[in-house]
file input-v8.cif (mmCIF, C-alpha atoms and all ligand atoms)
data_upload
#
loop_
_atom_site.label_atom_id
_atom_site.label_comp_id
_atom_site.auth_asym_id
_atom_site.auth_seq_id
_atom_site.Cartn_x
_atom_site.Cartn_y
_atom_site.Cartn_z
CA MET A 219 108.54 -27.09 20.13
CA LYS A 220 109.54 -30.64 21.01
CA ILE A 221 106.66 -33.05 21.63
CA PHE A 222 107.05 -36.12 23.84
CA LYS A 223 104.45 -38.80 24.42
CA THR A 224 106.36 -41.10 26.76
CA ILE A 225 107.76 -40.60 30.24
CA PRO A 226 111.30 -41.95 29.54
CA GLU A 227 111.66 -39.70 26.49
CA ILE A 228 110.71 -36.48 28.24
CA LYS A 229 112.73 -37.39 31.33
CA ASN A 230 115.86 -37.98 29.21
CA HIS A 231 115.42 -34.71 27.38
CA LEU A 232 114.88 -32.75 30.59
CA LYS A 233 117.90 -34.44 32.20
CA GLU A 234 120.11 -33.03 29.44
CA LEU A 235 118.61 -29.54 29.78
CA LYS A 236 119.09 -29.59 33.56
CA LYS A 237 122.70 -30.73 33.12
CA GLU A 238 123.24 -27.60 31.05
CA GLY A 239 121.84 -25.51 33.91
CA PHE A 240 118.49 -24.52 32.38
CA SER A 241 115.66 -23.74 34.78
CA ILE A 242 112.30 -25.36 33.98
CA GLY A 243 108.80 -23.87 34.25
CA PHE A 244 105.78 -26.16 34.01
CA VAL A 245 102.17 -25.44 32.98
CA PRO A 246 99.84 -28.45 33.32
CA THR A 247 96.65 -28.33 31.22
CA MET A 248 93.88 -30.52 29.89
CA GLY A 249 94.06 -28.85 26.48
CA ALA A 250 91.38 -26.82 24.66
CA LEU A 251 93.73 -23.95 25.38
CA HIS A 252 92.50 -20.38 25.74
CA LYS A 253 94.07 -17.02 26.58
CA GLY A 254 94.09 -17.93 30.28
CA HIS A 255 96.39 -20.91 29.64
CA ILE A 256 98.51 -18.78 27.34
CA SER A 257 98.93 -16.17 30.08
CA LEU A 258 100.42 -18.95 32.25
CA ILE A 259 102.75 -20.02 29.41
CA ARG A 260 103.90 -16.41 28.97
CA LYS A 261 104.50 -15.99 32.68
CA ALA A 262 106.45 -19.28 32.70
CA CYS A 263 108.55 -18.04 29.73
CA LEU A 264 109.45 -14.89 31.64
CA GLY A 265 110.43 -16.77 34.81
CA ASN A 266 112.33 -19.77 33.40
CA ASP A 267 114.85 -20.77 30.71
CA LYS A 268 112.63 -23.56 29.32
CA VAL A 269 108.87 -24.08 29.49
CA VAL A 270 107.08 -27.43 29.53
CA CYS A 271 103.32 -27.64 28.98
CA SER A 272 101.36 -30.86 29.44
CA ILE A 273 98.10 -31.69 27.72
CA PHE A 274 96.31 -34.61 29.33
CA VAL A 275 92.57 -34.97 29.93
CA ASN A 276 92.90 -36.75 33.25
CA PRO A 277 90.04 -39.29 33.43
CA ILE A 278 90.32 -39.93 37.18
CA GLN A 279 89.48 -36.34 38.15
CA PHE A 280 86.11 -36.41 36.38
CA THR A 281 83.20 -37.28 38.64
CA ASN A 282 80.77 -37.17 35.72
CA LYS A 283 81.35 -39.53 32.76
CA ASP A 284 79.46 -37.30 30.35
CA ASP A 285 81.67 -34.34 31.29
CA LEU A 286 84.77 -36.42 30.48
CA LEU A 287 83.36 -37.60 27.14
CA LYS A 288 82.30 -34.10 26.15
CA TYR A 289 85.43 -32.32 27.40
CA PRO A 290 86.59 -30.23 24.39
CA ARG A 291 89.61 -31.58 22.52
CA LYS A 292 91.39 -29.22 20.09
CA VAL A 293 94.79 -30.76 19.55
CA ASP A 294 95.78 -28.92 16.33
CA SER A 295 94.93 -25.43 17.52
CA ASP A 296 96.49 -26.22 20.95
CA PHE A 297 99.79 -27.17 19.30
CA GLN A 298 99.70 -24.02 17.18
CA MET A 299 98.97 -21.75 20.16
CA LEU A 300 101.81 -23.29 22.14
CA ARG A 301 104.25 -22.89 19.24
CA GLU A 302 103.20 -19.25 18.71
CA ASN A 303 103.77 -18.54 22.39
CA ASN A 304 107.27 -20.02 22.59
CA CYS A 305 106.51 -23.12 24.60
CA ASP A 306 109.66 -25.26 24.37
CA ILE A 307 108.33 -28.70 25.23
CA LEU A 308 104.91 -30.34 25.12
CA PHE A 309 104.24 -33.49 27.14
CA PHE A 310 101.29 -35.22 25.52
CA PRO A 311 100.89 -38.67 27.07
CA ASP A 312 97.95 -41.03 26.64
CA THR A 313 96.06 -42.64 29.51
CA LYS A 314 98.12 -45.87 29.40
CA GLU A 315 101.33 -43.90 29.72
CA MET A 316 100.09 -42.05 32.81
CA TYR A 317 98.18 -44.97 34.34
CA PRO A 318 99.70 -48.31 33.26
CA GLU A 319 97.88 -49.87 36.22
CA VAL A 320 94.65 -49.07 38.05
CA GLU A 321 95.32 -46.03 40.20
CA ASP A 322 93.85 -46.32 43.70
CA THR A 323 96.01 -44.02 45.84
CA ILE A 324 94.02 -41.99 48.32
CA TYR A 325 95.45 -38.72 49.60
CA ASP A 326 94.26 -36.97 52.72
CA PHE A 327 93.95 -33.20 52.52
CA GLY A 328 91.82 -32.93 55.68
CA HIS A 329 88.83 -30.64 55.30
CA LEU A 330 90.20 -29.16 52.04
CA ASP A 331 88.84 -31.85 49.75
CA ASN A 332 85.48 -32.29 51.53
CA ILE A 333 84.19 -28.73 51.34
CA LEU A 334 83.00 -26.52 48.44
CA GLU A 335 84.00 -28.35 45.20
CA GLY A 336 84.94 -31.45 47.18
CA LYS A 337 81.42 -31.76 48.60
CA PHE A 338 79.84 -31.76 45.14
CA ARG A 339 82.60 -33.63 43.27
CA PRO A 340 83.83 -36.30 45.68
CA GLY A 341 87.15 -37.79 44.53
CA HIS A 342 87.85 -34.92 42.13
CA PHE A 343 90.76 -33.44 44.05
CA ASN A 344 92.21 -36.87 44.73
CA GLY A 345 92.34 -37.39 40.95
CA VAL A 346 93.91 -33.95 40.45
CA ALA A 347 96.49 -34.59 43.20
CA ILE A 348 97.46 -37.98 41.71
CA VAL A 349 98.09 -36.58 38.25
CA VAL A 350 99.81 -33.39 39.41
CA LYS A 351 102.13 -35.37 41.73
CA LYS A 352 103.02 -37.68 38.81
CA PHE A 353 103.73 -34.71 36.53
CA LEU A 354 105.86 -32.97 39.15
CA GLU A 355 107.86 -36.18 39.66
CA ILE A 356 108.34 -36.70 35.91
CA ILE A 357 109.20 -33.11 35.00
CA GLU A 358 110.82 -31.93 38.26
CA PRO A 359 110.21 -28.26 37.38
CA ASP A 360 111.62 -25.35 39.33
CA LYS A 361 108.28 -23.56 39.11
CA ALA A 362 104.74 -24.73 38.28
CA TYR A 363 101.92 -22.37 37.29
CA PHE A 364 98.25 -22.68 38.31
CA GLY A 365 95.34 -20.31 37.74
CA LYS A 366 93.41 -18.82 40.66
CA LYS A 367 90.13 -19.54 38.90
CA ASP A 368 90.48 -23.06 40.31
CA TYR A 369 91.17 -21.58 43.72
CA GLN A 370 90.52 -24.72 45.74
CA GLN A 371 92.61 -26.81 43.32
CA LEU A 372 95.47 -24.38 43.93
CA ALA A 373 95.06 -24.83 47.71
CA VAL A 374 95.05 -28.64 47.33
CA ILE A 375 98.21 -28.51 45.18
CA GLN A 376 99.95 -26.25 47.69
CA ALA A 377 99.04 -28.77 50.41
CA LEU A 378 100.27 -31.65 48.20
CA VAL A 379 103.64 -30.00 47.62
CA LYS A 380 103.99 -29.22 51.33
CA ASN A 381 102.90 -32.69 52.55
CA PHE A 382 105.29 -34.52 50.22
CA ASN A 383 108.11 -31.95 50.35
CA ILE A 384 108.09 -31.69 46.56
CA PRO A 385 110.84 -29.22 45.63
CA VAL A 386 108.88 -26.89 43.35
CA GLU A 387 107.66 -23.32 43.67
CA ILE A 388 103.92 -23.07 42.99
CA ILE A 389 103.08 -19.81 41.22
CA PRO A 390 99.41 -18.72 41.56
CA CYS A 391 98.24 -16.74 38.51
CA PRO A 392 95.29 -14.33 38.21
CA THR A 393 92.04 -15.42 36.56
CA PHE A 394 91.87 -14.41 32.91
CA ARG A 395 88.51 -13.01 31.82
CA GLU A 396 86.66 -12.35 28.57
CA ASP A 397 85.88 -8.66 27.90
CA ASP A 398 82.41 -9.16 29.41
CA GLY A 399 83.88 -10.58 32.64
CA LEU A 400 83.27 -14.30 32.10
CA ALA A 401 86.18 -16.28 33.55
CA MET A 402 87.97 -18.15 30.77
CA SER A 403 87.40 -21.88 30.84
CA SER A 404 87.56 -24.67 28.27
CA ARG A 405 83.98 -25.50 29.30
CA ASN A 406 82.76 -22.12 27.94
CA LEU A 407 83.06 -23.68 24.47
CA ARG A 408 80.14 -25.93 25.35
CA LEU A 409 77.72 -23.09 26.18
CA SER A 410 74.89 -22.42 23.73
CA GLU A 411 74.62 -18.93 22.24
CA ASN A 412 71.94 -17.97 24.73
CA GLU A 413 73.85 -19.46 27.69
CA ARG A 414 77.04 -17.67 26.62
CA SER A 415 75.15 -14.36 26.46
CA ILE A 416 73.97 -14.61 30.08
CA ALA A 417 77.13 -16.26 31.50
CA PRO A 418 78.77 -12.88 32.44
CA HIS A 419 76.02 -12.59 35.11
CA ILE A 420 78.23 -14.82 37.30
CA HIS A 421 81.07 -12.29 37.49
CA LYS A 422 78.63 -9.36 37.78
CA VAL A 423 77.01 -10.98 40.83
CA LEU A 424 80.43 -11.62 42.36
CA LEU A 425 81.45 -7.98 41.86
CA GLN A 426 78.26 -6.78 43.55
CA ALA A 427 78.65 -9.36 46.31
CA LYS A 428 82.12 -7.97 46.99
CA THR A 429 80.63 -4.53 47.67
CA LYS A 430 77.71 -5.87 49.69
CA ALA A 431 79.92 -8.12 51.85
CA ALA A 432 81.04 -5.05 53.84
CA THR A 433 77.55 -4.36 55.17
CA ILE A 434 75.68 -7.70 55.49
CA THR A 435 76.32 -11.16 56.96
CA ALA A 436 77.42 -14.12 54.84
CA GLU A 437 73.95 -15.67 55.27
CA GLU A 438 72.22 -12.49 54.03
CA LEU A 439 74.67 -12.28 51.14
CA LYS A 440 73.93 -15.90 50.21
CA THR A 441 70.19 -15.17 50.17
CA TRP A 442 70.82 -12.18 47.90
CA VAL A 443 73.00 -14.27 45.53
CA ILE A 444 70.30 -16.99 45.36
CA SER A 445 67.72 -14.36 44.41
CA GLU A 446 70.03 -12.91 41.73
CA PHE A 447 70.41 -16.31 40.06
CA SER A 448 66.69 -17.08 40.27
CA LYS A 449 66.17 -14.23 37.78
CA TYR A 450 67.27 -16.59 34.97
CA HIS A 451 65.78 -20.07 34.71
CA GLU A 452 68.92 -21.24 32.86
CA PHE A 453 71.06 -20.98 36.04
CA LYS A 454 71.13 -23.48 38.87
CA LEU A 455 73.28 -22.25 41.74
CA GLU A 456 75.19 -25.09 43.40
CA TYR A 457 76.98 -23.09 46.08
CA PHE A 458 78.07 -19.60 47.01
CA GLU A 459 80.33 -19.36 50.06
CA LEU A 460 82.52 -16.80 51.79
CA ALA A 461 85.72 -18.48 52.93
CA ASP A 462 89.05 -17.74 54.52
CA PRO A 463 91.51 -17.35 51.61
CA ASP A 464 94.13 -19.60 53.25
CA THR A 465 92.13 -22.36 54.95
CA LEU A 466 88.97 -22.09 52.81
CA LEU A 467 86.93 -22.56 56.00
CA PRO A 468 83.61 -20.64 55.98
CA VAL A 469 83.52 -17.01 57.10
CA LYS A 470 80.25 -16.02 58.80
CA SER A 471 80.60 -12.27 58.66
CA LEU A 472 83.34 -9.94 57.60
CA LYS A 473 85.21 -8.00 60.21
CA LYS A 474 87.36 -4.99 59.32
CA GLY A 475 90.85 -6.10 58.38
CA GLN A 476 89.71 -9.59 57.45
CA ASN A 477 90.36 -10.97 53.99
CA CYS A 478 88.06 -13.49 52.41
CA ILE A 479 87.22 -15.13 49.14
CA ALA A 480 83.75 -15.62 47.67
CA LEU A 481 83.50 -18.87 45.72
CA ILE A 482 80.70 -19.92 43.45
CA ALA A 483 79.67 -22.95 41.38
CA VAL A 484 76.72 -22.69 39.08
CA TYR A 485 75.15 -24.78 36.36
CA LEU A 486 74.28 -22.95 33.17
CA GLY A 487 72.16 -25.51 31.36
CA ASN A 488 74.26 -28.66 31.64
CA ILE A 489 77.57 -26.86 31.96
CA ARG A 490 79.05 -26.42 35.41
CA LEU A 491 81.02 -23.19 35.82
CA ILE A 492 83.07 -22.00 38.79
CA ASP A 493 84.43 -18.59 39.66
CA ASN A 494 85.60 -16.61 42.66
CA ILE A 495 86.48 -13.12 43.82
CA GLU A 496 88.93 -11.98 46.48
CA ILE A 497 87.45 -9.60 49.05
CA PHE A 498 90.20 -7.71 50.83
CA TYR A 499 89.43 -4.88 53.25
O1 LIG A 501 93.31 -27.34 36.00
C1 LIG A 501 93.43 -28.27 35.17
O2 LIG A 501 93.39 -28.07 33.97
C2 LIG A 501 93.64 -29.68 35.68
O3 LIG A 501 92.94 -29.89 36.86
C3 LIG A 501 95.12 -30.06 35.86
C4 LIG A 501 95.81 -29.20 36.90
C5 LIG A 501 95.85 -29.91 34.53
C6 LIG A 501 95.24 -31.51 36.31
O4 LIG A 501 94.66 -32.39 35.40
#
call {"tool": "encode", "arguments": {"input": "input-v8.cif", "output": "structure tokens"}}
result
Amino acid sequence: MKIFKTIPEIKNHLKELKKEGFSIGFVPTMGALHKGHISLIRKACLGNDKVVCSIFVNPIQFTNKDDLLKYPRKVDSDFQMLRENNCDILFFPDTKEMYPEVEDTIYDFGHLDNILEGKFRPGHFNGVAIVVKKFLEIIEPDKAYFGKKDYQQLAVIQALVKNFNIPVEIIPCPTFREDDGLAMSSRNLRLSENERSIAPHIHKVLLQAKTKAATITAEELKTWVISEFSKYHEFKLEYFELADPDTLLPVKSLKKGQNCIALIAVYLGNIRLIDNIEIFY
């Protein structure tokens, strides 16, 4: 695996590969890699001649300083996992390389970045959009892979690519789960033993909510979800919403033939976890 830390170096290398006709798949990450990331790398390997992964903990997408400081960093094991899974190129820039000057671009994604995550983490998606646009311009991949666990992020990136006519195919990938149902996330590493043992409750509630959604209104479902999380004092529910899977606008009640997505954000101790489940009739 070739490792590049600067933009000119990786651009030159990719220019040569593209000249030779190789297609490029791209998997952006913030490191602390887990099986979910690796599933994206594997998918990218199957769909492209060469795979580029980036590891960059993007400071401007963090709305909480403590979260940025405590974000897990596991460089050695990340490199090893990438090598073992046939990643061809790692882009591993530092903050100066990505942001030589103060970055103050503001993108407008309409309602998309003001609802759900956007309401609780103002500026987060702007930070994600800035870094992803930079990466797509540096790497110019044919395909870029994003997990559906960050469902709203995926929607923002699809809007970004459409708004700026960026010539890349965005490939949504299924959420990867632990055996007990907990959605894989680098933040899971920060859960205490007790918190980790009750964390699967999130997915269990979502599975039950999926069944209940057929018979009760979104408001009733929300009340039920709130009561489920009040069973453990360790949880603090931030939001649970039923939304249209394309627009992410709220869905009040499910009609036959309507698809929707249930999205949730919950604090477990100090750790904020998100998850979602698709509800298709
Ligand atoms: O999903 C993530 O890990 C990050 O938001 C991303 C897409 C790598 C941008 O920093």
call {"tool": "closest_atom_pairs", "arguments": {"input": "input-v8.cif", "of": "chain A", "to": "ligand LIG 501 (chain A)", "cutoff": "7 Å", "atoms": "only C-alpha atoms and all ligand atoms", "output": "JSON lines"}}
result
{"residue": "A:Pro246", "atom": "CA", "partner": "A:LIG501", "partner_atom": "C5", "distance": 4.4}
{"residue": "A:Thr247", "atom": "CA", "partner": "A:LIG501", "partner_atom": "C5", "distance": 3.8}
{"residue": "A:Met248", "atom": "CA", "partner": "A:LIG501", "partner_atom": "O2", "distance": 4.8}
{"residue": "A:Phe274", "atom": "CA", "partner": "A:LIG501", "partner_atom": "O4", "distance": 6.7}
{"residue": "A:Val275", "atom": "CA", "partner": "A:LIG501", "partner_atom": "O4", "distance": 6.4}
{"residue": "A:Asn276", "atom": "CA", "partner": "A:LIG501", "partner_atom": "O4", "distance": 5.2}
{"residue": "A:Val346", "atom": "CA", "partner": "A:LIG501", "partner_atom": "C6", "distance": 5.0}
{"residue": "A:Val349", "atom": "CA", "partner": "A:LIG501", "partner_atom": "O4", "distance": 6.1}
{"residue": "A:Val350", "atom": "CA", "partner": "A:LIG501", "partner_atom": "C6", "distance": 5.8}
{"residue": "A:Asp368", "atom": "CA", "partner": "A:LIG501", "partner_atom": "O1", "distance": 6.7}
call {"tool": "closest_residue", "arguments": {"input": "input-v8.cif", "among": "A:Lys229, A:Lys361, A:Lys220, A:Lys352", "to": "Phe297 (chain A)", "atoms": "only C-alpha atoms"}}
result
A:Lys220
call {"tool": "residues_around", "arguments": {"input": "input-v8.cif", "residues": "Phe353 (chain A)", "least_positions_apart": "3", "cutoff": "10 Å", "atoms": "all atoms listed in the file", "output": "number ranges by chain"}}
result
A: 225, 244, 246, 272, 309, 316, 347-350, 356-359
call {"tool": "atom_distance", "arguments": {"input": "input-v8.cif", "atom1": "CA of Cys391 (chain A)", "atom2": "CA of Asp464 (chain A)"}}
result
15.6 Å
call {"tool": "residues_around", "arguments": {"input": "input-v8.cif", "residues": "region 254-265 of chain A", "least_positions_apart": "2", "cutoff": "12 Å", "atoms": "all atoms listed in the file", "output": "JSON, numbers by chain"}}
result
{"A": [240, 241, 242, 243, 244, 245, 246, 247, 248, 249, 250, 251, 252, 267, 268, 269, 270, 271, 272, 273, 296, 297, 298, 299, 300, 301, 302, 303, 304, 305, 306, 307, 308, 359, 360, 361, 362, 363, 364, 365, 366, 367, 368, 387, 388, 389, 390, 391, 392, 393, 394, 395, 396, 400, 401, 402, 403, 404]}
call {"tool": "residues_near_point", "arguments": {"input": "input-v8.cif", "point": "(85.0, -36.7, 37.3)", "cutoff": "12 Å", "atoms": "only C-alpha atoms", "output": "PDB file with C-alpha atoms, keeping the file's coordinate frame"}}
result
ATOM      1  CA  VAL A 275      92.570 -34.970  29.930  1.00  0.00           C
ATOM      2  CA  ASN A 276      92.900 -36.750  33.250  1.00  0.00           C
ATOM      3  CA  PRO A 277      90.040 -39.290  33.430  1.00  0.00           C
ATOM      4  CA  ILE A 278      90.320 -39.930  37.180  1.00  0.00           C
ATOM      5  CA  GLN A 279      89.480 -36.340  38.150  1.00  0.00           C
ATOM      6  CA  PHE A 280      86.110 -36.410  36.380  1.00  0.00           C
ATOM      7  CA  THR A 281      83.200 -37.280  38.640  1.00  0.00           C
ATOM      8  CA  ASN A 282      80.770 -37.170  35.720  1.00  0.00           C
ATOM      9  CA  LYS A 283      81.350 -39.530  32.760  1.00  0.00           C
ATOM     10  CA  ASP A 284      79.460 -37.300  30.350  1.00  0.00           C
ATOM     11  CA  ASP A 285      81.670 -34.340  31.290  1.00  0.00           C
ATOM     12  CA  LEU A 286      84.770 -36.420  30.480  1.00  0.00           C
ATOM     13  CA  LEU A 287      83.360 -37.600  27.140  1.00  0.00           C
ATOM     14  CA  LYS A 288      82.300 -34.100  26.150  1.00  0.00           C
ATOM     15  CA  TYR A 289      85.430 -32.320  27.400  1.00  0.00           C
ATOM     16  CA  GLU A 335      84.000 -28.350  45.200  1.00  0.00           C
ATOM     17  CA  GLY A 336      84.940 -31.450  47.180  1.00  0.00           C
ATOM     18  CA  PHE A 338      79.840 -31.760  45.140  1.00  0.00           C
ATOM     19  CA  ARG A 339      82.600 -33.630  43.270  1.00  0.00           C
ATOM     20  CA  PRO A 340      83.830 -36.300  45.680  1.00  0.00           C
ATOM     21  CA  GLY A 341      87.150 -37.790  44.530  1.00  0.00           C
ATOM     22  CA  HIS A 342      87.850 -34.920  42.130  1.00  0.00           C
ATOM     23  CA  PHE A 343      90.760 -33.440  44.050  1.00  0.00           C
ATOM     24  CA  ASN A 344      92.210 -36.870  44.730  1.00  0.00           C
ATOM     25  CA  GLY A 345      92.340 -37.390  40.950  1.00  0.00           C
ATOM     26  CA  VAL A 346      93.910 -33.950  40.450  1.00  0.00           C
TER      27      VAL A 346
END
call {"tool": "closest_residue", "arguments": {"input": "input-v8.cif", "among": "A:Ala377, A:Leu232, A:Ala431, A:Leu425", "to": "Glu355 (chain A)", "atoms": "only C-alpha atoms"}}
result
A:Leu232
call {"tool": "atom_distance", "arguments": {"input": "input-v8.cif", "atom1": "CA of Ile228 (chain A)", "atom2": "CA of Leu354 (chain A)"}}
result
12.4 Å
call {"tool": "closest_residue", "arguments": {"input": "input-v8.cif", "among": "A:Lys422, A:Ser445, A:His231, A:Leu466", "to": "Leu372 (chain A)", "atoms": "all atoms listed in the file"}}
result
A:Leu466
call {"tool": "closest_atom_pairs", "arguments": {"input": "input-v8.cif", "of": "region 374-424 of chain A", "to": "region 448-460 of chain A", "cutoff": "12 Å", "atoms": "all atoms listed in the file", "output": "Markdown table"}}
result
| residue | atom | partner | partner_atom | distance |
| --- | --- | --- | --- | --- |
| A:Leu409 | CA | A:Glu452 | CA | 11.2 |
| A:Ser410 | CA | A:Glu452 | CA | 11.0 |
| A:Asn412 | CA | A:Glu452 | CA | 9.3 |
| A:Glu413 | CA | A:Glu452 | CA | 7.4 |
| A:Arg414 | CA | A:Glu452 | CA | 10.8 |
| A:Ser415 | CA | A:Glu452 | CA | 11.3 |
| A:Ile416 | CA | A:Tyr450 | CA | 8.5 |
| A:Ala417 | CA | A:Phe453 | CA | 8.9 |
| A:Pro418 | CA | A:Phe453 | CA | 11.7 |
| A:His419 | CA | A:Tyr450 | CA | 9.6 |
| A:Ile420 | CA | A:Phe453 | CA | 9.5 |
| A:Val423 | CA | A:Phe458 | CA | 10.7 |
| A:Leu424 | CA | A:Phe458 | CA | 9.5 |
call {"tool": "atom_distance", "arguments": {"input": "input-v8.cif", "atom1": "CA of Ala480 (chain A)", "atom2": "CA of Leu334 (chain A)"}}
result
11.0 Å
call {"tool": "closest_residue", "arguments": {"input": "input-v8.cif", "among": "A:Ile333, A:Thr441, A:Lys237, A:Leu407", "to": "Leu481 (chain A)", "atoms": "all atoms listed in the file"}}
result
A:Ile333
call {"tool": "closest_residue", "arguments": {"input": "input-v8.cif", "among": "A:Gly487, A:Pro290, A:Gly475, A:Pro468", "to": "Glu411 (chain A)", "atoms": "all atoms listed in the file"}}
result
A:Gly487
call {"tool": "closest_residue", "arguments": {"input": "input-v8.cif", "among": "A:Lys314, A:Thr429, A:Asp493, A:Lys351", "to": "Pro385 (chain A)", "atoms": "all atoms listed in the file"}}
result
A:Lys351
